[in-house]
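Everything below concerns the one structure shown next.
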Amino acid sequence: MSIELDENKKCLLKTQGLTLGYKKGEQSTVLFENLNLSLHKGELVCFMGPNGIGKSTLIRTLAGLQKPLAGEITSTDKANVAIVLTDKLSSLSMSVYDLVAFGRYPYLDWRIQFSEEDKNIINRAITLVHINHLENKKLFELSDGQMQMAMIARALAQETPILLLDEPTAHLDLNNRVEIMNILRKLSRTTDKSILVATHELDLALQTADLLWLATSDKTIHTGIPEDLVLDGSFDTIFQFKGFDLKTGRVDHEIHRGISVQLLGEGFEVMWTRNALERSGYQIQSGAPISIELVNEDKKLVWKVKKKDVITSCYSIRELLRSFSD
Amino acid sequence: MGETVSAIFGGRGSKWHDIIWEFRLPRTLTCILAGIALASSGLMMQTLFRNPLAGPDVLGLSSGASLLVAILILGGTQGAIFLSELSLSPWGIALAASLGSGLVFGLVIAAAQKVKDNVSLLIIGLMIGAAAASMVTALQFLSKADDLQAFVIWTMGSVGGTGWSEINVLMLVTIIGIIIAIGSSKSLNTLLLGENYAQSLGVNVQRSRFLIVFSTCLMSGAVTAFCGPIAFVGLAVPHLVRIILSTSNHKILLPAVMMGGASLILFCDILAQLAGRSQSLPLNAVTSLIGAPVVIWVVMKSRSSKI
């Protein structure tokens, strides 16, 4: 009973029998059917699914920008939700500060006068995503990653309990993708916001999300924590991986050389050595006739290959692989 | 100088008093009002349609006005005597132009309620304009040389044909238009982010769009009615002002384009009168001739600015 009360307190948004899609005259295209979902305080949810399944439409529907075909969304005022969409802005000649300041618009009248409090909130939002140095830059001067940060700051300045982001890491390099996901994760912790991120980037979602929503091909959404979904095989059925084993997190390699080696040692060095050997078509097997041992000699890493009692020392993985192909 | 002041405030009857009150002042006021109305309409259209090439004439208003004026001037001699009488008075032309803009305005507003996005609305406006323009071409082809000349002169734009009663109407319409425009600055700003963001920031996009289109149609319709289709000002002034002020905030842009538009038309009208001596050049010839190089120069000079 007490758990249930706690649940209710933390729940910010709930959908009941939500069906969404597009209506054109009498015909309607249903993208998702009968969804019962909820968003909670301080939780980062990643919404995953292949491109074109309707992630953006769900985000827009949850944000109140589009009417659902059926069902209900409880507790969303438009005022409760801030969004970061994939829409292109039509004017890039404003400064980053001006863009973030748009977050305060719902609280202003037609004169658009910012109070001291508004200015503090704008500055705070800029600081939260670490873009203080960009404040006076024009939007057309920003990189894609910086632009995305500015858009997130704008949404933060709206001070809403819920934040919905549509593909915020699309078109960004790895570094920026990781930074954005880390910032979102931190925000969900420090500001107690509920954050929903639509993405199709599996690796990042698995490592940052508290909860995953998986869009399935039968127009429903399967929810669970990332680890459970990996182990129960939900991902494999939905994404239909080709040559990738999610449970081990590795790409399948063909053992085309037909040679087995034994790998001894510990640490991440062993992991990368294994990676290189498997990629090159060797099978790693304990008790194999050839053995490779990683040892530290004078603070230097050495790969010692033992083959029919002959020991050769290699000083890099490249050297190691060469010694095999000889 | 002193003579001018005494002529303005002095008693009626003096020659200078009449020139200033009956000729110079109405002309100047018309320039100012037309500039304010056209430039702010252009700014609003460019923002609403997210298109730097949009202007008050893209919604087809000028074409609608041209069509009815063409019917009046060119059709007058095709039999309908009552039309030819109307076409002789400036009020008749103004009435026809207002009716034309109003007709297109009605169509555009109806379309605005139906279509969801602004690009579709822009296309509809352009198509209505194209259809009206082609009918005007057909009428021109069928008409007599004298009527054709009268019509072509109207299309060249003029600020010299307005008396005080016309100015009162123009002033009233412009004031209503700019009140709506300034009241819409907040929604105009949010439209820079796109309709989805505008909506999520609490703006009623449908209603704002109606108000913006309404105010534009009202202002550019009235100017076209009294001055003919004045080209270039609505398109160019917003660009010039944006580049010079380096802002996209409509709270600053709107008053600035109003001043810019008024100054540009005044300046062009002075040039038009200087060049022609006894008869002034058509306004449209001057606005484009002066404005186009200026815009090119400003755009080239500020390579870092994006429109």
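Letters for chains follow the order of the structure tokens (A, B, ...), residue numbers begin at 1 for each chain, and ligand numbers begin at 1 in the order shown.
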
Chain B contacts to chain A at 6 Å (only C-alpha atoms) as a list of chain:residue names: B:Arg50, B:Gly183, B:Lys186, B:Leu192, B:Leu193, B:Leu201, B:Gly202, B:Ser248

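The list of residues with at least one atom within 9 Å of segment 106-123 of chain B, based on only C-alpha atoms and without residues fewer than 4 positions apart in the same chain, reads Leu48, Phe49, Arg50, Asn51, Ala54, Val58, Leu59, Gly60, Ser101, Gly102, Met127, Ile128, Glu195, Gln206, Arg209, Phe210, Val213 and Phe214 of chain B.
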
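Closest approach to Leu44 of chain A from the set A:Thr199, A:Ser286, A:Asn296, A:Ser188 is made by A:Ser188, with distances taken over only C-alpha atoms.
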
Selection near Arg185 of chain A, 10 Å with only C-alpha atoms, sequence-local residues under 2 positions removed, as a list in words: Gly42, Glu43, Leu44, Val45, Glu179, Ile180, Met181, Asn182, Ile183, Leu187, Ser188, Arg189, Thr190, Lys193, Ile195, Thr208, Ala209 and Asp210 of chain A

Selection: 7 Å around Arg279 of chain A, only C-alpha atoms, excl. self and same-chain fewer than 3 positions, as number ranges by chain: A: 253, 275-276

Can those selected residues be exported to a file as a compact mmCIF listing (two decimals), in the first residue's frame so that it contains N, CA and C atoms?
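The file below, result-v2.txt, is the result:
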# COMPACT_ATOMS: atom_id res chain seq x y z
N HIS A 253 32.43 -13.36 -34.96
CA HIS A 253 33.48 -13.49 -35.97
C HIS A 253 33.58 -14.94 -36.42
N ASN A 275 40.03 -9.35 -28.50
CA ASN A 275 39.29 -8.68 -29.56
C ASN A 275 40.03 -8.78 -30.89
N ALA A 276 41.34 -8.48 -30.83
CA ALA A 276 42.15 -8.49 -32.05
C ALA A 276 42.28 -9.89 -32.62

Polymer residues at most 12 Å from Lys55 of chain A, only C-alpha atoms, same-chain spacing of 3 or more positions, as number ranges by chain: A: 20-21, 31-32, 46-52, 58-62, 85-86, 164-167, 196-200, 213-216, 219-221

Could those residues be written to a file, using C-alpha atoms, as a PDB file, in the first residue's frame?
ATOM      1  CA  LEU A  20      -1.895   7.395 -31.751  1.00  0.00           C
ATOM      2  CA  GLY A  21      -1.124   8.012 -35.373  1.00  0.00           C
ATOM      3  CA  LEU A  31       1.263   3.787 -35.165  1.00  0.00           C
ATOM      4  CA  PHE A  32       0.806   2.629 -31.582  1.00  0.00           C
ATOM      5  CA  CYS A  46      15.174   5.783 -23.390  1.00  0.00           C
ATOM      6  CA  PHE A  47      12.564   5.110 -26.016  1.00  0.00           C
ATOM      7  CA  MET A  48      14.009   2.794 -28.615  1.00  0.00           C
ATOM      8  CA  GLY A  49      12.857   1.442 -31.886  1.00  0.00           C
ATOM      9  CA  PRO A  50      13.854   1.305 -35.508  1.00  0.00           C
ATOM     10  CA  ASN A  51      13.564   4.488 -37.557  1.00  0.00           C
ATOM     11  CA  GLY A  52      10.108   5.252 -38.875  1.00  0.00           C
ATOM     12  CA  LEU A  58       4.636   9.557 -29.671  1.00  0.00           C
ATOM     13  CA  ILE A  59       6.857  12.377 -28.400  1.00  0.00           C
ATOM     14  CA  ARG A  60       4.642  14.963 -30.079  1.00  0.00           C
ATOM     15  CA  THR A  61       1.504  13.315 -28.711  1.00  0.00           C
ATOM     16  CA  LEU A  62       2.899  13.179 -25.177  1.00  0.00           C
ATOM     17  CA  LEU A  85      12.698  18.140 -31.437  1.00  0.00           C
ATOM     18  CA  THR A  86      14.500  17.405 -34.667  1.00  0.00           C
ATOM     19  CA  LEU A 164      10.989  15.005 -23.917  1.00  0.00           C
ATOM     20  CA  LEU A 165      13.801  14.729 -26.442  1.00  0.00           C
ATOM     21  CA  ASP A 166      13.557  13.374 -29.959  1.00  0.00           C
ATOM     22  CA  GLU A 167      16.836  11.895 -31.230  1.00  0.00           C
ATOM     23  CA  LEU A 196      12.333  10.695 -22.031  1.00  0.00           C
ATOM     24  CA  VAL A 197      14.816  10.319 -24.878  1.00  0.00           C
ATOM     25  CA  ALA A 198      13.796   8.812 -28.180  1.00  0.00           C
ATOM     26  CA  THR A 199      16.845   7.250 -29.776  1.00  0.00           C
ATOM     27  CA  HIS A 200      17.907   4.372 -31.945  1.00  0.00           C
ATOM     28  CA  TRP A 213      10.661   1.602 -23.807  1.00  0.00           C
ATOM     29  CA  LEU A 214      11.005  -0.734 -26.749  1.00  0.00           C
ATOM     30  CA  ALA A 215       8.752  -0.159 -29.722  1.00  0.00           C
ATOM     31  CA  THR A 216       7.648  -3.529 -31.044  1.00  0.00           C
ATOM     32  CA  LYS A 219       2.295  -1.504 -32.314  1.00  0.00           C
ATOM     33  CA  THR A 220       2.883  -1.762 -28.605  1.00  0.00           C
ATOM     34  CA  ILE A 221       5.709  -0.709 -26.334  1.00  0.00           C
TER      35      ILE A 221
END

List every residue of segment 144-247 of chain A that DSSP, applied to the backbone of this structure, assigns to strand (DSSP E or B), and report them as a short mmCIF file (atom, residue, chain, number, x, y, z; two decimals) with N, CA and C atoms, in the first residue's frame.
data_model
loop_
_atom_site.label_atom_id
_atom_site.label_comp_id
_atom_site.auth_asym_id
_atom_site.auth_seq_id
_atom_site.Cartn_x
_atom_site.Cartn_y
_atom_site.Cartn_z
N ILE A 162 8.78 17.63 -16.80
CA ILE A 162 9.04 16.58 -17.79
C ILE A 162 9.80 17.16 -18.98
N LEU A 163 10.77 16.37 -19.45
CA LEU A 163 11.57 16.79 -20.61
C LEU A 163 11.49 15.67 -21.65
N LEU A 164 11.06 16.01 -22.86
CA LEU A 164 10.99 15.01 -23.92
C LEU A 164 11.97 15.38 -25.02
N LEU A 165 12.82 14.43 -25.40
CA LEU A 165 13.80 14.73 -26.44
C LEU A 165 13.69 13.72 -27.57
N ASP A 166 13.66 14.24 -28.80
CA ASP A 166 13.56 13.37 -29.96
C ASP A 166 14.92 13.29 -30.64
N SER A 194 11.69 14.15 -14.98
CA SER A 194 11.50 12.92 -15.72
C SER A 194 11.92 13.19 -17.15
N ILE A 195 12.88 12.41 -17.66
CA ILE A 195 13.41 12.68 -19.00
C ILE A 195 13.19 11.48 -19.91
N LEU A 196 12.56 11.75 -21.04
CA LEU A 196 12.33 10.69 -22.03
C LEU A 196 13.13 11.03 -23.29
N VAL A 197 13.98 10.09 -23.70
CA VAL A 197 14.82 10.32 -24.88
C VAL A 197 14.47 9.28 -25.94
N ALA A 198 14.00 9.74 -27.07
CA ALA A 198 13.80 8.81 -28.18
C ALA A 198 15.13 8.67 -28.90
N THR A 199 15.55 7.45 -29.14
CA THR A 199 16.84 7.25 -29.78
C THR A 199 16.85 5.89 -30.45
N LEU A 211 15.27 3.06 -17.52
CA LEU A 211 14.18 2.25 -18.04
C LEU A 211 14.18 2.37 -19.55
N LEU A 212 13.83 1.29 -20.21
CA LEU A 212 13.74 1.35 -21.67
C LEU A 212 12.31 1.14 -22.10
N TRP A 213 11.91 1.90 -23.11
CA TRP A 213 10.66 1.60 -23.81
C TRP A 213 11.08 1.07 -25.17
N LEU A 214 10.65 -0.16 -25.46
CA LEU A 214 11.00 -0.73 -26.75
C LEU A 214 9.78 -0.78 -27.64
N ALA A 215 9.87 -0.13 -28.78
CA ALA A 215 8.75 -0.16 -29.72
C ALA A 215 8.78 -1.50 -30.46
N ILE A 221 4.40 -1.07 -26.87
CA ILE A 221 5.71 -0.71 -26.33
C ILE A 221 6.00 -1.61 -25.14
N HIS A 222 7.16 -2.24 -25.20
CA HIS A 222 7.59 -3.18 -24.19
C HIS A 222 8.52 -2.42 -23.25
N THR A 223 8.25 -2.42 -21.94
CA THR A 223 9.11 -1.66 -21.04
C THR A 223 9.87 -2.58 -20.09
N GLY A 224 11.00 -2.10 -19.62
CA GLY A 224 11.79 -2.87 -18.67
C GLY A 224 13.12 -2.21 -18.48
N PHE A 244 25.64 -9.94 -34.34
CA PHE A 244 25.99 -9.22 -33.13
C PHE A 244 25.33 -9.92 -31.95
N ASP A 245 26.15 -10.30 -30.96
CA ASP A 245 25.59 -10.96 -29.79
C ASP A 245 25.47 -9.94 -28.67
#

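The closest residue to Ala94 of chain B, picked from B:Ser187, B:Thr216, B:Thr137, B:Ser66 and counting only C-alpha atoms, is B:Ser66.
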
For Leu206 of chain A, list every protein, DNA or RNA residue within 10 Å, evaluated using only C-alpha atoms, and leave out those in the same chain fewer than 6 positions away; present the list as a compact mmCIF listing (two decimals) with C-alpha atoms, in the first residue's frame.
# COMPACT_ATOMS: atom_id res chain seq x y z
CA CYS A 46 15.17 5.78 -23.39
CA LEU A 212 13.74 1.35 -21.67
CA ILE A 225 15.21 -2.09 -17.32
CA PRO A 226 17.98 -2.52 -19.90
CA GLU A 227 19.64 -5.55 -18.33
CA LEU A 229 15.53 -6.78 -21.68
CA VAL A 230 18.97 -7.95 -22.83

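Minimum atom-to-atom distance to Leu211 of chain B, evaluated using only C-alpha atoms, belongs to B:Gly177 out of B:Gly177, B:Gly42, B:Pro56, B:Gly92.
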
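Residue neighbourhood of Asp309 of chain A, excluding near-sequence residues (fewer than 4 positions): A:Pro289, A:Ile290, A:Ser291, A:Lys304, A:Val305, at 12 Å, using only C-alpha atoms.
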
Straight-line distance linking atom CA of Glu72 of chain A with atom CA of Pro168 of chain A, stated in Å to one decimal: 26.5 Å

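Residue nearest Thr28 of chain B, chosen from B:Ser158, B:Gln46, B:Ser134, B:Ser63 and counting only C-alpha atoms: B:Ser158.
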